[in-house]
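What follows is a set of notes on a single structure, which appears directly below.
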Amino acid sequence: MVKATEKPARTKRGVASHIGLDNERLVELYRTMLTARLVQERMFVLQRQGRAAFAITGQGHEAAQVGSASALKQGVDWIIPYYRDLGVCLAFGLTLREIMLDFLARAEGPCSGGRQMPTHWSKRDLRIVSGSSPVGTQILHAPGIAWASKVRGLKEVAVVYFGEGATSTGEFHEGVNFAAIHKLPVIFFCENNGYAISESASKQMAVRNVADRARGYGIEGTSMDGNDLIEVYQTTLWAAEECRNGRGPKLLEAKTYRIVPHSSDDDDRRYRTREEVQEWSKKDPIDRAKKYLIEHGAMTEADDEAVRAEAAEAVRDAVDYALGQPYPEPETALLHVYAEDA
Ligand SMILES: Cc1ncc(C[n+]2csc(CCOP(=O)(O)OP(=O)(O)O)c2C)c(N)n1
Ligand SMILES: [Mg+2]
């Protein structure tokens with residue numbers, strides 16, 4: 001078994017060996033991945049039923065999201081997720097009920113009380129920082145937060161998530177460059193799913209890997225199999241430790257795939273073949289995690305069924321709860337938009 005903070009060595013079959021995750025924790029991670037999958041499937045149904053205006057989800061990204069967020073220190077580290085990161089937020093402590101309240105724009109929703117677009121997550125006590133809708137703008141928050149951490153002598157890491165399309169923006173360049181110069185504790189975490197809506201990665205970057213871009217900024221970049229829960233967990237743990245030890249930022253790239261359209265407004269048949277989607281579905285991160293857990297004696301088929309039933313029940317509870325809550329009152333529409341008189 002390798003040490004938890006060692007950079008994982010790649011072999012043909014993935015990472016060399018798994019790290020100090022005990023069986024209970026492995027099942028917990030698996031449960032979170034499965035819950036993320038089920039709740040996102042439900043979101044699409046709710047949107048089609050006319051109960052939600054818009055759904056944008058990340059089925060296929062669960063290992064990248066849950067694996068990375070679970071390797072961070074809750075209450076200490078900061079995350080700046082993007083719209084596809086439900087799995088990140090779930091792993092970092094946002095509850096299913098909170099996620100559903102936000103998705104259904106209810107007054108009690110913790111992120112904006114029904115004012116923001118759905119999936120613009122934030123929660124102060126969990127150190128989940130809200131992003132804006134323009135692609136890549138969240139990247140700049142991370143060096144700012146990390147700079148404050150460094151100046152104050154704290155060992156807090158800021159982790160910002162984004163897609164490969166966002167790496168073509170000016171914000172990516174400015175954020176990574178600044179963090180590199182000042183050796184800031186930032187993990188730039190790219191979920192490379194090969195597409196920015198309909199635009200394939202080869203049309204927006206001339207390098208093969210997003211991680212290759214790191215060298216141009218003088219920092220280390222690492223590509224991972226983003227559908228491998230263990231590899232993502234271990235690599236993120238290593239990167240966070242590097243940050244805590246003052247060794248500056250890291251660019252991590254999780255190669256993955258969204259097995260669903262970009263959003264409820266997208267028809268992905270226009271730009272990718274069904275065969276391609278089928279091929280990636282065979283590498284489903286949840287199936288792979290299940291196989292890994294069973295092979296390593298962390299779970300049995302019966303345990304899996306129990307976990308699935310519990311996750312489905314938790315999703316049902318969250319949907320029922322949120323549907324029963326009121327929308328915000330119209331007269332509160334401008335709250336938090338303009339400063340209030342003291
Ligand atoms: C500045 C800007 N341009 C365009 C859009 C429309 N848009 C929303 S998501 C998206 C694709 C982003 O792709 P990527 O960064 O790879 O993330 P993914 O959605 O694939 O996870 C685009 C172009 C936007 N929100 N902001
Ligand atoms: Mg993408």
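Residue names in the structure tokens use chain letters A, B, ... in the order shown, residue numbers from 1 in each chain, and ligand numbers from 1 in the order shown.
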Just the residues within 10 Å of Asp267 in chain A, please, counting only C-alpha atoms, with nothing from its chain fewer than 5 positions along; format it as a ChimeraX atom specification. /A:197-198,260-262,272
Contacts of range 242-246 of chain A at 10 Å or less, counting only C-alpha atoms, minus same-chain residues fewer than 3 places along, as a ChimeraX atom specification? /A:5-7,146,150,154-158,183-187,236-239,249-250
Of the listed residues A:Val39, A:Cys111, A:Val76, A:Leu21, that which approaches Val319 in chain A most closely, counting only C-alpha atoms: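 Using only C-alpha atoms, Val319 in chain A sits closest to A:Val39.
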Apply DSSP to the structure's backbone, then extract all residues of range 26-132 of chain A labelled alpha helix (DSSP H) and return them as an NGL selection string. :A and (26-48 or 62-69 or 86-91 or 96-103)
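Across the structure, CA of Lys73 in chain A and CA of Glu164 in chain A are spaced 25.1 Å apart.
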Could you name the residues that touch range 223-225 of chain A at 12 Å or less, counting only C-alpha atoms, but leaving out those on the same chain fewer than 5 positions away, as a PDB file with N, CA and C atoms, in the first residue's frame?
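The resulting selection37.pdb:
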ATOM      1  N   LYS A   7       2.312  10.666  -4.736  1.00  0.00           N
ATOM      2  CA  LYS A   7       1.644  10.803  -6.029  1.00  0.00           C
ATOM      3  C   LYS A   7       1.442   9.402  -6.593  1.00  0.00           C
ATOM      4  N   PRO A   8       0.248   9.056  -7.020  1.00  0.00           N
ATOM      5  CA  PRO A   8       0.025   7.687  -7.471  1.00  0.00           C
ATOM      6  C   PRO A   8       0.799   7.366  -8.739  1.00  0.00           C
ATOM      7  N   ALA A   9       1.398   6.179  -8.744  1.00  0.00           N
ATOM      8  CA  ALA A   9       2.118   5.744  -9.944  1.00  0.00           C
ATOM      9  C   ALA A   9       1.111   5.088 -10.875  1.00  0.00           C
ATOM     10  N   ARG A  10       1.117   5.463 -12.141  1.00  0.00           N
ATOM     11  CA  ARG A  10       0.177   4.865 -13.095  1.00  0.00           C
ATOM     12  C   ARG A  10       0.697   3.528 -13.577  1.00  0.00           C
ATOM     13  N   THR A  11      -0.147   2.562 -13.662  1.00  0.00           N
ATOM     14  CA  THR A  11       0.201   1.296 -14.308  1.00  0.00           C
ATOM     15  C   THR A  11      -0.796   1.142 -15.449  1.00  0.00           C
ATOM     16  N   LYS A  12      -0.668   0.060 -16.194  1.00  0.00           N
ATOM     17  CA  LYS A  12      -1.605  -0.126 -17.310  1.00  0.00           C
ATOM     18  C   LYS A  12      -3.033  -0.257 -16.812  1.00  0.00           C
ATOM     19  N   ARG A  13      -3.190  -0.773 -15.602  1.00  0.00           N
ATOM     20  CA  ARG A  13      -4.537  -1.010 -15.093  1.00  0.00           C
ATOM     21  C   ARG A  13      -5.060   0.133 -14.234  1.00  0.00           C
ATOM     22  N   GLY A  14      -4.317   1.215 -14.153  1.00  0.00           N
ATOM     23  CA  GLY A  14      -4.768   2.326 -13.319  1.00  0.00           C
ATOM     24  C   GLY A  14      -3.720   2.641 -12.276  1.00  0.00           C
ATOM     25  N   VAL A  15      -4.154   3.040 -11.099  1.00  0.00           N
ATOM     26  CA  VAL A  15      -3.161   3.356 -10.063  1.00  0.00           C
ATOM     27  C   VAL A  15      -2.586   2.075  -9.484  1.00  0.00           C
ATOM     28  N   HIS A  61     -19.639  11.936 -14.471  1.00  0.00           N
ATOM     29  CA  HIS A  61     -18.541  12.648 -13.797  1.00  0.00           C
ATOM     30  C   HIS A  61     -18.406  12.256 -12.313  1.00  0.00           C
ATOM     31  N   ALA A  63     -17.109   9.913 -10.410  1.00  0.00           N
ATOM     32  CA  ALA A  63     -15.831   9.531  -9.770  1.00  0.00           C
ATOM     33  C   ALA A  63     -14.930  10.754  -9.653  1.00  0.00           C
ATOM     34  N   ALA A  64     -14.894  11.561 -10.715  1.00  0.00           N
ATOM     35  CA  ALA A  64     -14.063  12.775 -10.703  1.00  0.00           C
ATOM     36  C   ALA A  64     -14.515  13.703  -9.575  1.00  0.00           C
ATOM     37  N   GLY A  67     -14.630  11.652  -5.879  1.00  0.00           N
ATOM     38  CA  GLY A  67     -13.256  11.262  -5.533  1.00  0.00           C
ATOM     39  C   GLY A  67     -12.420  12.455  -5.118  1.00  0.00           C
ATOM     40  N   SER A  68     -12.553  13.560  -5.835  1.00  0.00           N
ATOM     41  CA  SER A  68     -11.726  14.727  -5.512  1.00  0.00           C
ATOM     42  C   SER A  68     -12.221  15.434  -4.248  1.00  0.00           C
ATOM     43  N   PHE A 188      -6.324  23.493  -9.398  1.00  0.00           N
ATOM     44  CA  PHE A 188      -7.161  23.765 -10.570  1.00  0.00           C
ATOM     45  C   PHE A 188      -7.621  22.400 -11.062  1.00  0.00           C
ATOM     46  N   PHE A 189      -8.896  22.136 -10.908  1.00  0.00           N
ATOM     47  CA  PHE A 189      -9.400  20.785 -11.192  1.00  0.00           C
ATOM     48  C   PHE A 189     -10.285  20.806 -12.433  1.00  0.00           C
ATOM     49  N   CYS A 190      -9.769  20.240 -13.506  1.00  0.00           N
ATOM     50  CA  CYS A 190     -10.503  20.238 -14.777  1.00  0.00           C
ATOM     51  C   CYS A 190     -11.213  18.908 -14.990  1.00  0.00           C
ATOM     52  N   GLU A 191     -12.500  18.978 -15.242  1.00  0.00           N
ATOM     53  CA  GLU A 191     -13.262  17.782 -15.619  1.00  0.00           C
ATOM     54  C   GLU A 191     -13.373  17.801 -17.138  1.00  0.00           C
ATOM     55  N   ASN A 192     -12.462  17.091 -17.758  1.00  0.00           N
ATOM     56  CA  ASN A 192     -12.403  17.102 -19.224  1.00  0.00           C
ATOM     57  C   ASN A 192     -13.325  16.024 -19.781  1.00  0.00           C
ATOM     58  N   ASN A 193     -14.492  16.466 -20.257  1.00  0.00           N
ATOM     59  CA  ASN A 193     -15.449  15.511 -20.826  1.00  0.00           C
ATOM     60  C   ASN A 193     -15.472  15.570 -22.351  1.00  0.00           C
ATOM     61  N   ARG A 208      -2.871  18.098 -26.448  1.00  0.00           N
ATOM     62  CA  ARG A 208      -3.640  16.869 -26.279  1.00  0.00           C
ATOM     63  C   ARG A 208      -4.351  16.832 -24.918  1.00  0.00           C
ATOM     64  N   ASN A 209      -3.625  17.291 -23.918  1.00  0.00           N
ATOM     65  CA  ASN A 209      -4.171  17.244 -22.555  1.00  0.00           C
ATOM     66  C   ASN A 209      -4.240  18.647 -21.969  1.00  0.00           C
ATOM     67  N   VAL A 210      -5.261  18.893 -21.183  1.00  0.00           N
ATOM     68  CA  VAL A 210      -5.317  20.167 -20.450  1.00  0.00           C
ATOM     69  C   VAL A 210      -4.108  20.263 -19.520  1.00  0.00           C
ATOM     70  N   ALA A 211      -3.717  19.117 -18.949  1.00  0.00           N
ATOM     71  CA  ALA A 211      -2.589  19.120 -17.995  1.00  0.00           C
ATOM     72  C   ALA A 211      -1.303  19.625 -18.650  1.00  0.00           C
ATOM     73  N   ASP A 212      -1.184  19.455 -19.989  1.00  0.00           N
ATOM     74  CA  ASP A 212       0.031  19.918 -20.689  1.00  0.00           C
ATOM     75  C   ASP A 212       0.200  21.433 -20.561  1.00  0.00           C
ATOM     76  N   ARG A 213      -0.893  22.107 -20.334  1.00  0.00           N
ATOM     77  CA  ARG A 213      -0.818  23.572 -20.260  1.00  0.00           C
ATOM     78  C   ARG A 213      -0.063  24.034 -19.008  1.00  0.00           C
ATOM     79  N   ALA A 214       0.011  23.177 -18.002  1.00  0.00           N
ATOM     80  CA  ALA A 214       0.627  23.568 -16.728  1.00  0.00           C
ATOM     81  C   ALA A 214       2.074  24.009 -16.921  1.00  0.00           C
ATOM     82  N   ILE A 230     -10.584   5.763  -7.244  1.00  0.00           N
ATOM     83  CA  ILE A 230      -9.396   5.659  -6.385  1.00  0.00           C
ATOM     84  C   ILE A 230      -8.274   6.548  -6.917  1.00  0.00           C
ATOM     85  N   GLU A 231      -8.083   6.533  -8.206  1.00  0.00           N
ATOM     86  CA  GLU A 231      -7.021   7.357  -8.784  1.00  0.00           C
ATOM     87  C   GLU A 231      -7.290   8.848  -8.529  1.00  0.00           C
ATOM     88  N   VAL A 232      -8.535   9.247  -8.720  1.00  0.00           N
ATOM     89  CA  VAL A 232      -8.871  10.659  -8.503  1.00  0.00           C
ATOM     90  C   VAL A 232      -8.686  11.029  -7.026  1.00  0.00           C
ATOM     91  N   TYR A 233      -9.157  10.158  -6.148  1.00  0.00           N
ATOM     92  CA  TYR A 233      -9.044  10.439  -4.709  1.00  0.00           C
ATOM     93  C   TYR A 233      -7.577  10.598  -4.330  1.00  0.00           C
ATOM     94  N   GLN A 234      -6.783   9.652  -4.737  1.00  0.00           N
ATOM     95  CA  GLN A 234      -5.386   9.654  -4.306  1.00  0.00           C
ATOM     96  C   GLN A 234      -4.616  10.840  -4.896  1.00  0.00           C
ATOM     97  N   THR A 235      -4.876  11.143  -6.147  1.00  0.00           N
ATOM     98  CA  THR A 235      -4.156  12.250  -6.786  1.00  0.00           C
ATOM     99  C   THR A 235      -4.531  13.578  -6.132  1.00  0.00           C
ATOM    100  N   THR A 236      -5.807  13.732  -5.815  1.00  0.00           N
ATOM    101  CA  THR A 236      -6.241  14.982  -5.181  1.00  0.00           C
ATOM    102  C   THR A 236      -5.661  15.114  -3.780  1.00  0.00           C
ATOM    103  N   LYS A 250      -1.411  23.147  -8.315  1.00  0.00           N
ATOM    104  CA  LYS A 250      -1.371  21.977  -9.206  1.00  0.00           C
ATOM    105  C   LYS A 250      -2.550  22.081 -10.169  1.00  0.00           C
ATOM    106  N   LEU A 251      -2.306  21.601 -11.372  1.00  0.00           N
ATOM    107  CA  LEU A 251      -3.402  21.498 -12.343  1.00  0.00           C
ATOM    108  C   LEU A 251      -3.726  20.013 -12.521  1.00  0.00           C
ATOM    109  N   LEU A 252      -4.897  19.622 -12.108  1.00  0.00           N
ATOM    110  CA  LEU A 252      -5.310  18.218 -12.253  1.00  0.00           C
ATOM    111  C   LEU A 252      -6.366  18.119 -13.349  1.00  0.00           C
ATOM    112  N   GLU A 253      -6.235  17.117 -14.163  1.00  0.00           N
ATOM    113  CA  GLU A 253      -7.194  16.909 -15.258  1.00  0.00           C
ATOM    114  C   GLU A 253      -7.803  15.514 -15.133  1.00  0.00           C
ATOM    115  N   ALA A 254      -9.103  15.475 -14.920  1.00  0.00           N
ATOM    116  CA  ALA A 254      -9.809  14.200 -14.854  1.00  0.00           C
ATOM    117  C   ALA A 254     -10.471  13.955 -16.205  1.00  0.00           C
ATOM    118  N   LYS A 255      -9.988  12.960 -16.927  1.00  0.00           N
ATOM    119  CA  LYS A 255     -10.589  12.662 -18.240  1.00  0.00           C
ATOM    120  C   LYS A 255     -11.844  11.838 -18.021  1.00  0.00           C
ATOM    121  N   THR A 256     -12.948  12.375 -18.481  1.00  0.00           N
ATOM    122  CA  THR A 256     -14.220  11.715 -18.230  1.00  0.00           C
ATOM    123  C   THR A 256     -15.166  11.976 -19.394  1.00  0.00           C
ATOM    124  N   TYR A 257     -16.440  11.795 -19.180  1.00  0.00           N
ATOM    125  CA  TYR A 257     -17.429  11.931 -20.253  1.00  0.00           C
ATOM    126  C   TYR A 257     -18.787  12.152 -19.609  1.00  0.00           C
ATOM    127  N   LYS A 283     -17.647   2.426 -19.588  1.00  0.00           N
ATOM    128  CA  LYS A 283     -16.643   2.806 -18.576  1.00  0.00           C
ATOM    129  C   LYS A 283     -17.298   3.574 -17.429  1.00  0.00           C
ATOM    130  N   ASP A 284     -18.583   3.368 -17.258  1.00  0.00           N
ATOM    131  CA  ASP A 284     -19.337   4.100 -16.224  1.00  0.00           C
ATOM    132  C   ASP A 284     -18.622   4.048 -14.874  1.00  0.00           C
ATOM    133  N   PRO A 285     -18.353   5.214 -14.286  1.00  0.00           N
ATOM    134  CA  PRO A 285     -17.583   5.246 -13.029  1.00  0.00           C
ATOM    135  C   PRO A 285     -18.270   4.540 -11.872  1.00  0.00           C
ATOM    136  N   ARG A 288     -17.723   0.836 -12.297  1.00  0.00           N
ATOM    137  CA  ARG A 288     -16.314   0.527 -11.982  1.00  0.00           C
ATOM    138  C   ARG A 288     -16.051   0.561 -10.489  1.00  0.00           C
TER     139      ARG A 288
END
For Asp304 in chain A, find every residue with an atom within 12 Å (counting only C-alpha atoms), except residues of its own chain fewer than 6 positions away, and show them as a ChimeraX atom specification. /A:27-28,30-31,34,286-287,289-291,293-294,298,310-311
Can you pull out the residues contacting Ala36 in chain A? Cut-off 7 Å, using only C-alpha atoms, and skip same-chain residues under 4 positions away; I want them as an mmCIF file with N, CA and C atoms, in the first residue's frame.
data_model
loop_
_atom_site.group_PDB
_atom_site.id
_atom_site.type_symbol
_atom_site.label_atom_id
_atom_site.label_comp_id
_atom_site.auth_asym_id
_atom_site.auth_seq_id
_atom_site.Cartn_x
_atom_site.Cartn_y
_atom_site.Cartn_z
ATOM 1 N N THR A 32 -22.264 8.048 -2.148
ATOM 2 C CA THR A 32 -22.387 9.441 -2.599
ATOM 3 C C THR A 32 -22.449 9.503 -4.130
ATOM 4 N N GLN A 40 -29.664 13.222 -10.011
ATOM 5 C CA GLN A 40 -29.566 13.922 -11.299
ATOM 6 C C GLN A 40 -30.536 13.344 -12.329
ATOM 7 N N LEU A 86 -22.655 18.700 -8.973
ATOM 8 C CA LEU A 86 -23.523 18.232 -7.890
ATOM 9 C C LEU A 86 -22.796 17.220 -6.993
ATOM 10 N N GLY A 87 -22.029 16.321 -7.618
ATOM 11 C CA GLY A 87 -21.304 15.294 -6.848
ATOM 12 C C GLY A 87 -20.274 15.912 -5.917
#
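A straight line drawn from CA of Val66 in chain A to CA of Leu90 in chain A is 7.9 Å long.
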CA of Val160 in chain A to CA of His141 in chain A, straight-line distance in Å: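 According to the coordinates, CA of His141 in chain A and CA of Val160 in chain A are separated by 8.1 Å.
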Neighbours of ligand 1 within 9 Å, counting only C-alpha atoms and all ligand atoms, as a PyMOL selection string? chain A and resi 56-58+61+82-85+132-137+162-169+190-201+257-258+262-263
When you count only C-alpha atoms, which of these residues is closest to Leu101 in chain A: A:Ala206, A:Ala52, A:Ala309, A:Ala339?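 Ranked by minimum distance to Leu101 in chain A, first place goes to A:Ala52.
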Considering only C-alpha atoms, return as a CSV table (one decimal) with N, CA and C atoms, in the first residue's frame whatever protein or nucleic-acid residues lie within 8 Å of Val176 in chain A, sequence-local ones (same chain, fewer than 2 positions apart) excluded.
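File part-v8.csv, as written:
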chain,number,residue,atom,x,y,z
A,143,PRO,N,-7.4,31.7,-6.7
A,143,PRO,CA,-6.2,32.3,-6.3
A,143,PRO,C,-6.4,33.4,-5.3
A,172,PHE,N,-8.9,31.6,-17.1
A,172,PHE,CA,-8.0,30.4,-16.8
A,172,PHE,C,-6.5,30.8,-16.8
A,173,HIS,N,-6.2,31.5,-17.8
A,173,HIS,CA,-4.8,32.0,-18.0
A,173,HIS,C,-4.4,32.9,-16.8
A,174,GLU,N,-5.2,33.9,-16.5
A,174,GLU,CA,-4.9,34.8,-15.4
A,174,GLU,C,-4.8,34.1,-14.1
A,178,PHE,N,-1.3,33.7,-12.1
A,178,PHE,CA,-1.1,34.4,-10.8
A,178,PHE,C,-0.8,33.4,-9.6
A,179,ALA,N,-1.5,32.3,-9.6
A,179,ALA,CA,-1.3,31.3,-8.6
A,179,ALA,C,0.1,30.7,-8.6
A,180,ALA,N,0.6,30.5,-9.9
A,180,ALA,CA,1.9,29.9,-10.1
A,180,ALA,C,3.0,30.9,-9.6
A,188,PHE,N,-6.3,23.5,-9.4
A,188,PHE,CA,-7.2,23.8,-10.6
A,188,PHE,C,-7.6,22.4,-11.1
A,217,TYR,N,3.1,27.5,-17.4
A,217,TYR,CA,3.0,28.4,-16.2
A,217,TYR,C,4.0,28.1,-15.2
Pick out the closest residue to ligand 2 from this set: A:Gln204, A:Tyr292, A:Ser130, A:Trp78. Count only C-alpha atoms and all ligand atoms.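 Closest candidate: A:Gln204.
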Just the strand (DSSP E or B) stuff from range 132-300 of chain A, please, per backbone DSSP, written as a PyMOL selection string. chain A and resi 158-163+186-192+195-196+199-200+220-225+250-255
Now that the selection is made, can you save its residues with C-alpha atoms as a CSV table (one decimal), in the first residue's frame?
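Dumped to selection.csv:
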chain,number,residue,atom,x,y,z
A,158,ALA,CA,-8.8,26.4,-2.6
A,159,VAL,CA,-10.0,24.0,-5.2
A,160,VAL,CA,-11.7,25.4,-8.3
A,161,TYR,CA,-13.6,23.1,-10.7
A,162,PHE,CA,-14.2,23.7,-14.4
A,163,GLY,CA,-14.6,22.0,-17.8
A,186,VAL,CA,-4.8,26.1,-5.4
A,187,ILE,CA,-5.9,23.0,-7.1
A,188,PHE,CA,-7.2,23.8,-10.6
A,189,PHE,CA,-9.4,20.8,-11.2
A,190,CYS,CA,-10.5,20.2,-14.8
A,191,GLU,CA,-13.3,17.8,-15.6
A,192,ASN,CA,-12.4,17.1,-19.2
A,195,TYR,CA,-17.0,18.7,-25.2
A,196,ALA,CA,-18.0,22.3,-24.5
A,199,GLU,CA,-17.7,21.9,-29.5
A,200,SER,CA,-15.2,19.1,-29.3
A,220,GLU,CA,2.9,20.6,-12.4
A,221,GLY,CA,0.0,19.2,-14.3
A,222,THR,CA,-1.4,15.7,-14.0
A,223,SER,CA,-3.9,13.8,-16.2
A,224,MET,CA,-6.0,11.2,-14.5
A,225,ASP,CA,-8.5,8.5,-15.5
A,250,LYS,CA,-1.4,22.0,-9.2
A,251,LEU,CA,-3.4,21.5,-12.3
A,252,LEU,CA,-5.3,18.2,-12.3
A,253,GLU,CA,-7.2,16.9,-15.3
A,254,ALA,CA,-9.8,14.2,-14.9
A,255,LYS,CA,-10.6,12.7,-18.2
So which residues touch Arg115 in chain A within 10 Å, counting only C-alpha atoms, skipping near sequence neighbours fewer than 4 positions away, as a ChimeraX atom specification? /A:102,105-107,109,111,327-328,332-337
Selection to disk with C-alpha atoms, as a short mmCIF file (atom, residue, chain, number, x, y, z; two decimals), in the first residue's frame:
data_model
loop_
_atom_site.label_atom_id
_atom_site.label_comp_id
_atom_site.auth_asym_id
_atom_site.auth_seq_id
_atom_site.Cartn_x
_atom_site.Cartn_y
_atom_site.Cartn_z
CA ASP A 102 -32.20 25.05 -4.74
CA ALA A 105 -36.16 27.46 -6.67
CA ARG A 106 -37.78 27.30 -3.23
CA ALA A 107 -37.50 30.14 -0.70
CA GLY A 109 -32.95 27.01 -0.78
CA CYS A 111 -27.75 28.92 -2.20
CA TYR A 327 -41.53 29.74 -3.55
CA PRO A 328 -40.02 33.04 -2.42
CA THR A 332 -38.40 39.73 -1.72
CA ALA A 333 -37.07 39.60 -5.29
CA LEU A 334 -34.57 42.40 -4.75
CA LEU A 335 -33.23 41.09 -1.44
CA HIS A 336 -29.45 40.58 -1.58
CA VAL A 337 -29.27 42.41 -4.90
#
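Closest approach to Ala312 in chain A from the set A:Leu126, A:Leu96, A:Ala55, A:Leu38 is made by A:Leu38, with distances taken over only C-alpha atoms.
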Pick from A:Ser264, A:Val129, A:Pro330, A:Gly60 nearest to ligand 2, counting only C-alpha atoms and all ligand atoms: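 So, comparing all the options, the nearest one is A:Gly60.
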